[in-house]
Structure formats: C-alpha cells, structure tokens
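Visitor: So I've got this file, entry.cif, and it contains mmCIF, C-alpha atoms and all ligand atoms:
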data_target
loop_
_atom_site.label_atom_id
_atom_site.label_comp_id
_atom_site.auth_asym_id
_atom_site.auth_seq_id
_atom_site.Cartn_x
_atom_site.Cartn_y
_atom_site.Cartn_z
CA MET A 1493 4.64 -22.32 5.15
CA GLU A 1494 4.02 -18.57 5.29
CA SER A 1495 5.30 -15.67 3.24
CA VAL A 1496 4.65 -11.92 3.24
CA GLU A 1497 5.48 -10.29 -0.07
CA SER A 1498 5.75 -6.49 0.32
CA ASN A 1499 6.25 -3.52 -1.97
CA ALA A 1500 5.15 -1.02 0.69
CA THR A 1501 7.42 0.97 2.99
CA THR A 1502 7.26 0.50 6.75
CA GLY A 1503 5.22 3.20 8.51
CA THR A 1504 6.52 5.91 10.80
CA ASP A 1505 5.63 6.08 14.52
CA ASP A 1506 2.76 8.46 13.64
CA ALA A 1507 1.44 6.08 11.02
CA GLN A 1508 1.72 3.22 13.51
CA ALA A 1509 -0.20 5.23 16.13
CA MET A 1510 -2.93 6.03 13.58
CA PHE A 1511 -3.09 2.38 12.55
CA ASN A 1512 -3.42 1.27 16.20
CA LYS A 1513 -6.23 3.77 16.74
CA HIS A 1514 -8.18 2.61 13.68
CA LEU A 1515 -7.53 -1.03 14.53
CA ALA A 1516 -8.84 -0.53 18.07
CA THR A 1517 -12.03 1.06 16.69
CA TYR A 1518 -12.50 -1.70 14.10
CA ARG A 1519 -11.99 -4.38 16.75
CA LYS A 1520 -14.68 -2.75 18.91
CA ILE A 1521 -17.05 -2.80 15.91
CA VAL A 1522 -16.31 -6.45 15.18
CA GLY A 1523 -16.41 -7.44 18.88
CA GLU A 1524 -19.87 -5.89 19.33
CA ASN A 1525 -20.99 -7.39 16.00
CA LEU A 1526 -22.14 -3.94 14.85
CA MET A 1527 -21.54 -4.85 11.20
CA PHE A 1528 -22.82 -8.44 11.54
CA HIS A 1529 -19.42 -10.07 11.05
CA ARG A 1530 -20.75 -13.14 12.89
CA GLU A 1531 -23.58 -13.75 10.43
CA VAL A 1532 -21.53 -12.84 7.35
CA TYR A 1533 -18.54 -15.04 8.21
CA ALA A 1534 -20.91 -17.89 9.20
CA LEU A 1535 -22.16 -17.74 5.59
CA LEU A 1536 -18.59 -17.94 4.36
CA ARG A 1537 -17.86 -20.85 6.72
CA ASN A 1538 -20.91 -22.65 5.38
CA GLN A 1539 -19.65 -22.11 1.84
CA PHE A 1540 -16.23 -23.53 2.78
CA SER A 1541 -17.81 -26.71 4.14
CA GLN A 1542 -20.23 -27.27 1.22
CA GLY A 1543 -19.83 -27.06 -2.49
CA MET A 1544 -16.07 -26.47 -2.57
CA PRO A 1545 -13.55 -28.84 -4.12
CA LYS A 1546 -11.31 -30.64 -1.63
CA PRO A 1547 -8.80 -29.11 -1.26
CA PHE A 1548 -9.78 -25.59 -2.38
CA SER A 1549 -7.92 -22.30 -2.78
CA PHE A 1550 -9.19 -19.06 -1.23
CA LEU A 1551 -8.28 -15.46 -2.07
CA ASP A 1552 -9.12 -12.93 0.64
CA ILE A 1553 -9.00 -9.47 -1.01
CA ALA A 1554 -8.41 -6.68 1.57
CA CYS A 1555 -7.99 -9.34 4.24
CA GLY A 1556 -7.02 -6.93 7.05
CA ASP A 1557 -5.98 -8.94 10.13
CA ALA A 1558 -7.82 -12.01 8.72
CA VAL A 1559 -9.17 -12.93 12.17
CA ALA A 1560 -12.70 -13.63 10.90
CA SER A 1561 -11.48 -15.49 7.80
CA ALA A 1562 -9.15 -17.67 9.86
CA ALA A 1563 -12.01 -18.65 12.18
CA ALA A 1564 -14.30 -19.39 9.22
CA LEU A 1565 -11.62 -21.58 7.60
CA GLU A 1566 -11.02 -23.68 10.71
CA GLY A 1567 -11.63 -27.36 9.96
CA SER A 1568 -12.20 -26.72 6.22
CA ALA A 1569 -10.38 -28.42 3.33
CA ILE A 1570 -8.37 -25.26 2.58
CA GLY A 1571 -5.39 -26.09 0.37
CA GLN A 1572 -4.05 -22.59 -0.34
CA TYR A 1573 -4.77 -19.22 1.29
CA TYR A 1574 -3.95 -15.93 -0.46
CA GLY A 1575 -4.44 -12.56 1.22
CA ILE A 1576 -3.98 -9.06 -0.21
CA ASP A 1577 -3.89 -5.87 1.84
CA LEU A 1578 -2.32 -2.45 1.52
CA SER A 1579 -1.35 -2.35 5.20
CA PRO A 1580 1.87 -4.11 6.28
CA GLN A 1581 0.74 -3.91 9.92
CA SER A 1582 -2.51 -5.71 9.09
CA LEU A 1583 -0.60 -8.40 7.24
CA GLU A 1584 1.68 -8.98 10.22
CA LEU A 1585 -1.47 -9.59 12.29
CA ALA A 1586 -2.92 -11.76 9.52
CA LYS A 1587 0.22 -13.90 9.55
CA GLU A 1588 -0.41 -14.64 13.22
CA SER A 1589 -4.17 -15.25 12.75
CA LEU A 1590 -3.53 -17.72 9.94
CA LYS A 1591 -0.59 -19.57 11.43
CA ASP A 1592 -2.58 -22.73 12.25
CA LEU A 1593 -4.02 -23.22 8.76
CA PRO A 1594 -2.80 -26.55 7.38
CA CYS A 1595 -1.80 -25.02 4.02
CA PRO A 1596 0.53 -22.49 2.41
CA VAL A 1597 -0.34 -18.87 3.32
CA ASP A 1598 0.64 -16.27 0.72
CA LEU A 1599 0.21 -12.65 1.93
CA ARG A 1600 0.76 -9.82 -0.55
CA CYS A 1601 1.18 -6.22 0.56
CA ARG A 1602 -0.30 -4.42 -2.44
CA ASP A 1603 -3.17 -2.33 -3.71
CA PHE A 1604 -5.76 -4.96 -4.62
CA VAL A 1605 -6.57 -3.23 -7.93
CA GLU A 1606 -2.95 -3.59 -9.04
CA ALA A 1607 -2.60 -7.06 -7.56
CA MET A 1608 -5.67 -8.35 -9.43
CA ALA A 1609 -4.60 -6.73 -12.72
CA ASP A 1610 -1.59 -9.07 -12.87
CA TRP A 1611 -2.81 -12.04 -10.81
CA SER A 1612 -1.86 -15.36 -12.38
CA ASP A 1613 -2.92 -18.20 -10.01
CA THR A 1614 -6.32 -19.88 -10.44
CA VAL A 1615 -8.56 -19.61 -7.35
CA ASP A 1616 -11.70 -21.52 -6.28
CA LEU A 1617 -13.25 -18.87 -4.03
CA VAL A 1618 -12.52 -15.13 -4.11
CA TRP A 1619 -13.86 -13.01 -1.24
CA ILE A 1620 -13.96 -9.24 -0.69
CA GLY A 1621 -15.21 -8.11 2.71
CA MET A 1622 -16.14 -4.41 2.89
CA SER A 1623 -13.60 -2.93 0.48
CA LEU A 1624 -14.81 -2.89 -3.13
CA HIS A 1625 -17.04 0.11 -2.41
CA HIS A 1626 -14.01 2.43 -2.41
CA LEU A 1627 -13.83 2.13 -6.20
CA GLN A 1628 -15.87 4.09 -8.75
CA PRO A 1629 -18.34 2.11 -10.93
CA ASP A 1630 -15.89 1.50 -13.81
CA GLY A 1631 -13.22 0.40 -11.31
CA LYS A 1632 -15.70 -2.00 -9.69
CA VAL A 1633 -16.48 -3.57 -13.08
CA ARG A 1634 -12.78 -3.84 -14.00
CA LEU A 1635 -11.93 -5.46 -10.66
CA MET A 1636 -14.78 -7.97 -11.06
CA LYS A 1637 -13.57 -8.80 -14.60
CA ASN A 1638 -10.10 -9.47 -13.22
CA VAL A 1639 -11.57 -11.69 -10.50
CA ARG A 1640 -13.65 -13.57 -13.07
CA ASP A 1641 -10.51 -14.26 -15.09
CA VAL A 1642 -8.75 -15.99 -12.18
CA LEU A 1643 -11.66 -18.17 -10.99
CA SER A 1644 -11.52 -21.91 -11.55
CA ARG A 1645 -14.24 -23.47 -13.75
CA ASP A 1646 -16.84 -23.80 -10.97
CA GLY A 1647 -15.28 -21.01 -8.93
CA LEU A 1648 -17.27 -18.62 -6.77
CA PHE A 1649 -16.93 -14.90 -6.10
CA LEU A 1650 -18.50 -13.40 -2.97
CA ILE A 1651 -18.55 -9.79 -1.85
CA TRP A 1652 -19.91 -8.10 1.28
CA GLU A 1653 -20.50 -4.43 0.59
CA PRO A 1654 -22.48 -1.35 1.71
CA THR A 1655 -25.83 -1.20 -0.02
CA LEU A 1656 -28.24 1.64 -0.76
CA VAL A 1657 -31.85 0.77 0.02
CA ASP A 1658 -34.25 1.24 -2.92
CA GLY A 1659 -34.31 4.86 -4.08
CA GLU A 1660 -31.68 5.98 -1.54
CA SER A 1661 -28.95 8.44 -2.63
CA ARG A 1662 -25.35 8.25 -1.40
CA GLU A 1663 -25.98 11.27 0.88
CA GLU A 1664 -29.18 9.73 2.26
CA HIS A 1665 -27.27 6.53 2.99
CA PHE A 1666 -24.73 8.40 5.11
CA ASP A 1667 -27.50 10.38 6.82
CA ARG A 1668 -29.22 7.11 7.65
CA PHE A 1669 -25.95 5.86 9.15
CA SER A 1670 -25.54 9.08 11.19
CA ALA A 1671 -29.07 8.64 12.54
CA HIS A 1672 -27.99 5.18 13.74
CA ARG A 1673 -25.61 6.69 16.33
CA GLY A 1674 -27.54 5.12 19.24
CA ALA A 1675 -26.91 1.56 18.05
CA TRP A 1676 -23.17 2.32 17.88
CA ALA A 1677 -22.99 3.59 21.48
CA THR A 1678 -19.88 1.50 22.09
CA LEU A 1679 -17.89 3.96 19.93
CA THR A 1680 -16.82 7.30 21.40
CA ASP A 1681 -18.07 10.47 19.69
CA ASP A 1682 -14.59 10.92 18.17
CA GLU A 1683 -14.52 7.37 16.83
CA PHE A 1684 -18.01 7.68 15.35
CA ALA A 1685 -17.20 11.08 13.80
CA ALA A 1686 -14.00 9.67 12.25
CA MET A 1687 -15.97 6.80 10.78
CA GLU A 1688 -18.64 9.11 9.36
CA ALA A 1689 -15.98 11.37 7.83
CA HIS A 1690 -14.19 8.41 6.25
CA MET A 1691 -17.43 7.07 4.79
CA ARG A 1692 -18.51 10.42 3.34
CA LEU A 1693 -15.09 10.81 1.73
CA ALA A 1694 -14.24 7.32 0.53
CA ASP A 1695 -17.33 5.10 0.37
CA PHE A 1696 -19.33 4.58 -2.81
CA PRO A 1697 -22.13 2.14 -1.93
CA GLU A 1698 -24.42 0.76 -4.64
CA SER A 1699 -28.00 -0.53 -4.61
CA ALA A 1700 -28.51 -4.32 -4.57
CA ASP A 1701 -29.63 -4.17 -8.21
CA THR A 1702 -26.50 -2.25 -9.19
CA TRP A 1703 -24.15 -4.63 -7.33
CA LYS A 1704 -25.74 -7.47 -9.32
CA ALA A 1705 -25.65 -5.50 -12.61
CA ILE A 1706 -21.94 -4.73 -12.13
CA GLY A 1707 -21.26 -8.45 -11.85
CA ARG A 1708 -23.22 -9.19 -15.02
CA GLU A 1709 -21.39 -6.37 -16.84
CA ALA A 1710 -18.13 -8.00 -15.75
CA GLY A 1711 -19.29 -11.20 -17.47
CA PHE A 1712 -20.72 -13.31 -14.63
CA SER A 1713 -23.80 -15.25 -15.72
CA GLU A 1714 -25.19 -15.53 -12.17
CA ALA A 1715 -25.40 -12.65 -9.70
CA GLU A 1716 -27.55 -12.82 -6.57
CA GLN A 1717 -27.89 -11.26 -3.16
CA ILE A 1718 -27.60 -13.94 -0.48
CA PHE A 1719 -27.70 -11.82 2.70
CA LEU A 1720 -28.96 -8.42 3.84
CA MET A 1721 -27.59 -7.02 7.10
CA PRO A 1722 -30.52 -6.67 9.57
CA ASN A 1723 -29.84 -2.90 9.76
CA ARG A 1724 -30.00 -2.82 5.92
CA PHE A 1725 -26.63 -1.08 5.56
CA GLY A 1726 -25.05 -3.80 3.44
CA GLY A 1727 -25.37 -7.17 1.81
CA VAL A 1728 -23.50 -10.22 0.59
CA TYR A 1729 -23.58 -10.95 -3.16
CA GLN A 1730 -22.61 -14.13 -4.98
CA TYR A 1731 -21.36 -14.38 -8.57
CA ARG A 1732 -20.65 -17.39 -10.78
CA ASN A 1733 -19.42 -17.81 -14.32
C1 LIG A 1801 -12.92 -2.62 6.54
S1 LIG A 1801 -11.43 -3.54 6.47
C2 LIG A 1801 -12.09 -5.11 6.02
C3 LIG A 1801 -11.33 -6.25 6.66
C4 LIG A 1801 -11.96 -7.62 6.45
N1 LIG A 1801 -12.00 -7.94 5.03
C5 LIG A 1801 -13.35 -7.73 7.04
O1 LIG A 1801 -14.22 -8.33 6.40
O2 LIG A 1801 -13.56 -7.30 8.18
C6 LIG A 1801 -10.74 -2.96 4.99
C7 LIG A 1801 -9.32 -3.46 4.67
O3 LIG A 1801 -9.06 -3.13 3.32
C8 LIG A 1801 -7.71 -2.71 3.20
N2 LIG A 1801 -7.68 -1.91 1.97
C9 LIG A 1801 -8.37 -0.77 1.69
N3 LIG A 1801 -8.11 -0.36 0.44
C10 LIG A 1801 -7.24 -1.25 -0.09
C11 LIG A 1801 -6.61 -1.38 -1.36
N4 LIG A 1801 -6.83 -0.48 -2.34
N5 LIG A 1801 -5.78 -2.42 -1.57
C12 LIG A 1801 -5.56 -3.34 -0.59
N6 LIG A 1801 -6.14 -3.27 0.63
C13 LIG A 1801 -6.97 -2.24 0.88
C14 LIG A 1801 -7.44 -1.97 4.48
O4 LIG A 1801 -6.05 -1.92 4.77
C15 LIG A 1801 -8.22 -2.82 5.49
O5 LIG A 1801 -7.41 -3.83 6.05
#
Mind converting the file's structure to structure tokens?

Guide:
Amino acid sequence: MESVESNATTGTDDAQAMFNKHLATYRKIVGENLMFHREVYALLRNQFSQGMPKPFSFLDIACGDAVASAAALEGSAIGQYYGIDLSPQSLELAKESLKDLPCPVDLRCRDFVEAMADWSDTVDLVWIGMSLHHLQPDGKVRLMKNVRDVLSRDGLFLIWEPTLVDGESREEHFDRFSAHRGAWATLTDDEFAAMEAHMRLADFPESADTWKAIGREAGFSEAEQIFLMPNRFGGVYQYRN
C-alpha cells in the first residue's frame, strides 16, 4: 500500500526544469560516489539487519528519491516506511523506488521541521541524510528533541551531515570544498559553481563535537560519531535515549 500526502502545490514548467537539472547533478554525485553514499548506506543496511526489532518502522527525513534507502532496506524486516520531503517531484520518484517494499509506504510532502513538530507515530529508526545542516543551531536542537519524542523505547536516531574538521570555520570549510574541485571532475564548471553557491548560502555544518553536543542538549543520553567520510567533509552520528 502506498500513499503520498501533499500540502505543496505542483511546480511550473520552470520549476520542473530546475528540479530536473538539480536531480541530474545529484545523480552524477551519487553515481560517482563523490559523497560516499555507498559506504554510508551500507552502514544503514547493516543497522537494518542487526539490532532492530522485527518488524521495525523507519522514518526517512528528507528522503529525496529514496533510491539509496530502498536499496538498503531490501531484504530487511521493514514493517512501515515513512518518508518526508518538500519536493513533490522527489516523492513521485520515491514512490517508484519503494514500490517493492513489503510494507506500507507513507510519503508526506512537507517541510520536515513542521512535520516533526506534530508527528504522532512511534518510530524505531529515524534517519536524516544530508539535510539537518540547513537549520540554525537552535533549530537543530528543536528538531532532535522532536525526533527523540517519537522514538520507540530502544529506538535509534542516525544523521549524516557535513562536518567541520577541528578548528575549521564555516568559510574555511567551503574553501576546503572549493579546493577539492579536481576530485569532482565529473561535474561541469556550472554544476560545481551552483553547488558551491548553494552551500555558501544554505549550509551550516557543525564540528563532530558540536553534532554530538546538540544531541545531548536535545536529551539523548548517547551520542557518537560512527563514520567519517574519507575526504573528511562529513560524518554519520548515532543517538540513543
Ligand atoms: C541532499 S538531498 C538528500 C537526499 C537523501 N536523503 C540522501 O541521503 O541522499 C536533500 C533532500 O532534502 C529535501 N529537503 C531540503 N529541505 C527540506 C525541508 N525543510 N523539508 C523537507 N525536505 C527538505 C530536498 O527536497 C532533497 O530531496
């Protein structure tokens, strides 16, 4: 059973063209494993196969097209999938990616901050892949508190987010990314420039210590880093009540 709940309006042709352009760039990035999707989603797959109740529920915050999540969930004891994303086009793609899951798929077209403020279902594993960093520090704490409130007793919260290396400022982080142009040769100059501009405008990475401290401030008793991307641009963090 699948449902897409939407409170967003359908985009215009221009918006659709822009979406297609961004999607094509993101798919190149994922396809070339430039952000280490393979390693990160292998971690998630491992988590699905060990230490989860059978069946378990999974909330994919900012799920996008859910291609990587769907692959990680294959063969798991998933009993309920929830996905939240602002983009109706992404959710249409997610619906297709998730169509073979042997469980209900509930896709909600909403801002995840709003969605989590009034979320009512209990969830065993909540995952945010590369999206929490758009919020300011107080918004990050509030979102984590809301996640904590919906987790089941032994539930787990995992995030994968941009990370400042020790002593690095936000500007230095973006400069380090710009200096990495050679490794991202698969992107055109326009695509790379658009990505840099988006990051400088909308990304608010934190240090590993701060990502852990935010979780503790939100009330989690355990907060640890379980993965660092080999290029040291981001990490995966795990929180438990
Ligand atoms: C970089 S993609 C990440 C996709 C996927 N989670 C992954 O790991 O590759 C970011 C996604 O977050 C969504 N997004 C960004 N801000 C959002 C918000 N405030 N509420 C809901 N979705 C949001 C975008 O539409 C996009 O699909």

Visitor: One decimal, Å: what's the distance from CA of Leu1536 (chain A) over to CA of Val1633 (chain A), could you say?

Guide: 22.7 Å

Visitor: Write out as a list in words which residues come within 7 Å of region 1542-1551 of chain A when counting all atoms listed in the file, dropping same-chain ones fewer than 6 positions away.

Guide: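 Everything that qualifies: Ala1569, Ile1570, Gly1571, Gln1572, Tyr1573, Tyr1574, Gly1575, Val1615, Asp1616, Leu1617, Val1618 and Trp1619 of chain A.
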
Visitor: Save the residues we just selected, C-alpha atoms, as a CSV table (one decimal), keeping the file's coordinate frame?

Guide:
chain,number,residue,atom,x,y,z
A,1569,ALA,CA,-10.4,-28.4,3.3
A,1570,ILE,CA,-8.4,-25.3,2.6
A,1571,GLY,CA,-5.4,-26.1,0.4
A,1572,GLN,CA,-4.0,-22.6,-0.3
A,1573,TYR,CA,-4.8,-19.2,1.3
A,1574,TYR,CA,-4.0,-15.9,-0.5
A,1575,GLY,CA,-4.4,-12.6,1.2
A,1615,VAL,CA,-8.6,-19.6,-7.4
A,1616,ASP,CA,-11.7,-21.5,-6.3
A,1617,LEU,CA,-13.2,-18.9,-4.0
A,1618,VAL,CA,-12.5,-15.1,-4.1
A,1619,TRP,CA,-13.9,-13.0,-1.2

Visitor: For a quick check of understanding, using all atoms listed in the file, which of A:Ala1694, A:Met1527, A:Val1597, A:Met1622 has the smallest distance to ligand LIG 1801 (chain A)?

Guide: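 When distances to ligand LIG 1801 (chain A) are compared using all atoms listed in the file, the smallest one comes from A:Met1622.
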
Visitor: Rank A:Ala1689, A:Met1636, A:Leu1679, A:Val1642 by their smallest atom-to-atom distance to Ala1715 (chain A), using all atoms listed in the file, and report the top residue only.

Guide: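 Comparing A:Ala1689, A:Met1636, A:Leu1679, A:Val1642 against Ala1715 (chain A), the winner is A:Met1636.
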
Visitor: Find the distance between CA of Phe1696 (chain A) and CA of Val1522 (chain A) and write it in Å to one decimal.

Guide: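 Taking CA of Phe1696 (chain A) as the start and CA of Val1522 (chain A) as the end point, the length is 21.3 Å.
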
Visitor: Using only C-alpha atoms, which of A:Asp1630, A:Glu1664, A:Asp1646, A:Glu1566 sits nearest Glu1709 (chain A)?

Guide: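 Closest to Glu1709 (chain A), using only C-alpha atoms: A:Asp1630.
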
Visitor: List every protein, DNA or RNA residue that has at least one atom no more than 12 Å from (-29.0, 3.8, -2.9) in the file's coordinates, counting only C-alpha atoms, and write the result as a list in words.

Guide: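 Residues with an atom at most 12 Å from (-29.0, 3.8, -2.9): Pro1654, Thr1655, Leu1656, Val1657, Asp1658, Gly1659, Glu1660, Ser1661, Arg1662, Glu1663, Glu1664, His1665, Phe1666, Asp1667, Arg1668, Phe1696, Pro1697, Glu1698, Ser1699, Ala1700, Asp1701, Thr1702, Trp1703, Arg1724, Phe1725 and Gly1726 of chain A.
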
Visitor: Write to file, as a compact mmCIF listing (two decimals), in the frame of the given file, the residues of the selection just made, with C-alpha atoms.

Guide:
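Okay, this is what ended up in part.txt:
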# COMPACT_ATOMS: atom_id res chain seq x y z
CA PRO A 1654 -22.48 -1.35 1.71
CA THR A 1655 -25.83 -1.20 -0.02
CA LEU A 1656 -28.24 1.64 -0.76
CA VAL A 1657 -31.85 0.77 0.02
CA ASP A 1658 -34.25 1.24 -2.92
CA GLY A 1659 -34.31 4.86 -4.08
CA GLU A 1660 -31.68 5.98 -1.54
CA SER A 1661 -28.95 8.44 -2.63
CA ARG A 1662 -25.35 8.25 -1.40
CA GLU A 1663 -25.98 11.27 0.88
CA GLU A 1664 -29.18 9.73 2.26
CA HIS A 1665 -27.27 6.53 2.99
CA PHE A 1666 -24.73 8.40 5.11
CA ASP A 1667 -27.50 10.38 6.82
CA ARG A 1668 -29.22 7.11 7.65
CA PHE A 1696 -19.33 4.58 -2.81
CA PRO A 1697 -22.13 2.14 -1.93
CA GLU A 1698 -24.42 0.76 -4.64
CA SER A 1699 -28.00 -0.53 -4.61
CA ALA A 1700 -28.51 -4.32 -4.57
CA ASP A 1701 -29.63 -4.17 -8.21
CA THR A 1702 -26.50 -2.25 -9.19
CA TRP A 1703 -24.15 -4.63 -7.33
CA ARG A 1724 -30.00 -2.82 5.92
CA PHE A 1725 -26.63 -1.08 5.56
CA GLY A 1726 -25.05 -3.80 3.44

Visitor: Would you work out the distance separating CA of Leu1643 (chain A) from CA of Leu1535 (chain A), expressed in Å to one decimal?

Guide: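 CA of Leu1535 (chain A) lies at a distance of 19.6 Å from CA of Leu1643 (chain A).
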
Visitor: Env of His1514 (chain A): 12 Å cut, atoms = only C-alpha atoms, seq-sep filter 2 positions within chain, self excluded. Answer as a ChimeraX atom specification.

Guide: /A:1507-1512,1516-1521,1556,1579,1581-1582,1679,1682-1684,1686-1687,1690

Visitor: Take the residues from that selection and put them in a file with C-alpha atoms, as a CSV table (one decimal), keeping the file's coordinate frame.

Guide:
chain,number,residue,atom,x,y,z
A,1507,ALA,CA,1.4,6.1,11.0
A,1508,GLN,CA,1.7,3.2,13.5
A,1509,ALA,CA,-0.2,5.2,16.1
A,1510,MET,CA,-2.9,6.0,13.6
A,1511,PHE,CA,-3.1,2.4,12.6
A,1512,ASN,CA,-3.4,1.3,16.2
A,1516,ALA,CA,-8.8,-0.5,18.1
A,1517,THR,CA,-12.0,1.1,16.7
A,1518,TYR,CA,-12.5,-1.7,14.1
A,1519,ARG,CA,-12.0,-4.4,16.8
A,1520,LYS,CA,-14.7,-2.8,18.9
A,1521,ILE,CA,-17.0,-2.8,15.9
A,1556,GLY,CA,-7.0,-6.9,7.0
A,1579,SER,CA,-1.4,-2.4,5.2
A,1581,GLN,CA,0.7,-3.9,9.9
A,1582,SER,CA,-2.5,-5.7,9.1
A,1679,LEU,CA,-17.9,4.0,19.9
A,1682,ASP,CA,-14.6,10.9,18.2
A,1683,GLU,CA,-14.5,7.4,16.8
A,1684,PHE,CA,-18.0,7.7,15.4
A,1686,ALA,CA,-14.0,9.7,12.2
A,1687,MET,CA,-16.0,6.8,10.8
A,1690,HIS,CA,-14.2,8.4,6.2

Visitor: Which one is closest to Lys1637 (chain A): A:Phe1528, A:Tyr1533, A:Trp1676, A:Trp1611? Count all atoms listed in the file.

Guide: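 Closest to Lys1637 (chain A), using all atoms listed in the file: A:Trp1611.
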
Visitor: Could I get the residue neighbourhood of ligand LIG 1801 (chain A) at 9 Å, counting all atoms listed in the file, as a PDB file with C-alpha atoms, keeping the file's coordinate frame?

Guide:
ATOM      1  CA  LEU A1515      -7.530  -1.030  14.530  1.00  0.00           C
ATOM      2  CA  TYR A1518     -12.500  -1.700  14.100  1.00  0.00           C
ATOM      3  CA  VAL A1522     -16.310  -6.450  15.180  1.00  0.00           C
ATOM      4  CA  MET A1527     -21.540  -4.850  11.200  1.00  0.00           C
ATOM      5  CA  HIS A1529     -19.420 -10.070  11.050  1.00  0.00           C
ATOM      6  CA  VAL A1532     -21.530 -12.840   7.350  1.00  0.00           C
ATOM      7  CA  TYR A1533     -18.540 -15.040   8.210  1.00  0.00           C
ATOM      8  CA  ASP A1552      -9.120 -12.930   0.640  1.00  0.00           C
ATOM      9  CA  ILE A1553      -9.000  -9.470  -1.010  1.00  0.00           C
ATOM     10  CA  ALA A1554      -8.410  -6.680   1.570  1.00  0.00           C
ATOM     11  CA  CYS A1555      -7.990  -9.340   4.240  1.00  0.00           C
ATOM     12  CA  GLY A1556      -7.020  -6.930   7.050  1.00  0.00           C
ATOM     13  CA  ASP A1557      -5.980  -8.940  10.130  1.00  0.00           C
ATOM     14  CA  ALA A1558      -7.820 -12.010   8.720  1.00  0.00           C
ATOM     15  CA  VAL A1559      -9.170 -12.930  12.170  1.00  0.00           C
ATOM     16  CA  ALA A1560     -12.700 -13.630  10.900  1.00  0.00           C
ATOM     17  CA  SER A1561     -11.480 -15.490   7.800  1.00  0.00           C
ATOM     18  CA  ILE A1576      -3.980  -9.060  -0.210  1.00  0.00           C
ATOM     19  CA  ASP A1577      -3.890  -5.870   1.840  1.00  0.00           C
ATOM     20  CA  LEU A1578      -2.320  -2.450   1.520  1.00  0.00           C
ATOM     21  CA  SER A1579      -1.350  -2.350   5.200  1.00  0.00           C
ATOM     22  CA  PRO A1580       1.870  -4.110   6.280  1.00  0.00           C
ATOM     23  CA  GLN A1581       0.740  -3.910   9.920  1.00  0.00           C
ATOM     24  CA  SER A1582      -2.510  -5.710   9.090  1.00  0.00           C
ATOM     25  CA  LEU A1583      -0.600  -8.400   7.240  1.00  0.00           C
ATOM     26  CA  CYS A1601       1.180  -6.220   0.560  1.00  0.00           C
ATOM     27  CA  ARG A1602      -0.300  -4.420  -2.440  1.00  0.00           C
ATOM     28  CA  ASP A1603      -3.170  -2.330  -3.710  1.00  0.00           C
ATOM     29  CA  PHE A1604      -5.760  -4.960  -4.620  1.00  0.00           C
ATOM     30  CA  VAL A1605      -6.570  -3.230  -7.930  1.00  0.00           C
ATOM     31  CA  GLU A1606      -2.950  -3.590  -9.040  1.00  0.00           C
ATOM     32  CA  ALA A1607      -2.600  -7.060  -7.560  1.00  0.00           C
ATOM     33  CA  TRP A1619     -13.860 -13.010  -1.240  1.00  0.00           C
ATOM     34  CA  ILE A1620     -13.960  -9.240  -0.690  1.00  0.00           C
ATOM     35  CA  GLY A1621     -15.210  -8.110   2.710  1.00  0.00           C
ATOM     36  CA  MET A1622     -16.140  -4.410   2.890  1.00  0.00           C
ATOM     37  CA  SER A1623     -13.600  -2.930   0.480  1.00  0.00           C
ATOM     38  CA  LEU A1624     -14.810  -2.890  -3.130  1.00  0.00           C
ATOM     39  CA  HIS A1626     -14.010   2.430  -2.410  1.00  0.00           C
ATOM     40  CA  LEU A1627     -13.830   2.130  -6.200  1.00  0.00           C
ATOM     41  CA  TRP A1652     -19.910  -8.100   1.280  1.00  0.00           C
TER      42      TRP A1652
END

Visitor: Could you check which of A:Leu1650, A:Ala1685, A:Leu1593, A:Leu1693 is closest to Tyr1729 (chain A), using all atoms listed in the file?

Guide: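 Closest residue, counting all atoms listed in the file: A:Leu1650.
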
Visitor: Could you model N, CA and C atoms for region 1528-1541 of chain A and present them as a CSV table (one decimal), keeping the file's coordinate frame?

Guide:
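The file below, selection_11.csv, is the result:
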chain,number,residue,atom,x,y,z
A,1528,PHE,N,-22.3,-7.1,11.8
A,1528,PHE,CA,-22.8,-8.4,11.5
A,1528,PHE,C,-21.7,-9.3,11.0
A,1529,HIS,N,-20.5,-9.2,11.4
A,1529,HIS,CA,-19.4,-10.1,11.0
A,1529,HIS,C,-19.8,-11.5,11.4
A,1530,ARG,N,-20.4,-11.7,12.5
A,1530,ARG,CA,-20.8,-13.1,12.9
A,1530,ARG,C,-21.6,-13.8,11.8
A,1531,GLU,N,-22.7,-13.2,11.4
A,1531,GLU,CA,-23.6,-13.8,10.4
A,1531,GLU,C,-22.9,-13.9,9.1
A,1532,VAL,N,-22.2,-12.8,8.7
A,1532,VAL,CA,-21.5,-12.8,7.4
A,1532,VAL,C,-20.5,-13.9,7.3
A,1533,TYR,N,-19.6,-14.0,8.3
A,1533,TYR,CA,-18.5,-15.0,8.2
A,1533,TYR,C,-19.1,-16.5,8.5
A,1534,ALA,N,-20.3,-16.6,9.1
A,1534,ALA,CA,-20.9,-17.9,9.2
A,1534,ALA,C,-21.3,-18.4,7.8
A,1535,LEU,N,-21.8,-17.4,7.0
A,1535,LEU,CA,-22.2,-17.7,5.6
A,1535,LEU,C,-20.9,-18.3,4.8
A,1536,LEU,N,-19.8,-17.6,5.0
A,1536,LEU,CA,-18.6,-17.9,4.4
A,1536,LEU,C,-18.1,-19.3,4.8
A,1537,ARG,N,-18.2,-19.5,6.1
A,1537,ARG,CA,-17.9,-20.8,6.7
A,1537,ARG,C,-18.7,-22.0,6.1
A,1538,ASN,N,-20.0,-21.7,6.0
A,1538,ASN,CA,-20.9,-22.6,5.4
A,1538,ASN,C,-20.5,-23.0,3.9
A,1539,GLN,N,-20.1,-21.9,3.2
A,1539,GLN,CA,-19.6,-22.1,1.8
A,1539,GLN,C,-18.4,-23.0,1.8
A,1540,PHE,N,-17.5,-22.7,2.8
A,1540,PHE,CA,-16.2,-23.5,2.8
A,1540,PHE,C,-16.5,-25.0,3.0
A,1541,SER,N,-17.6,-25.3,3.8
A,1541,SER,CA,-17.8,-26.7,4.1
A,1541,SER,C,-18.7,-27.4,3.1
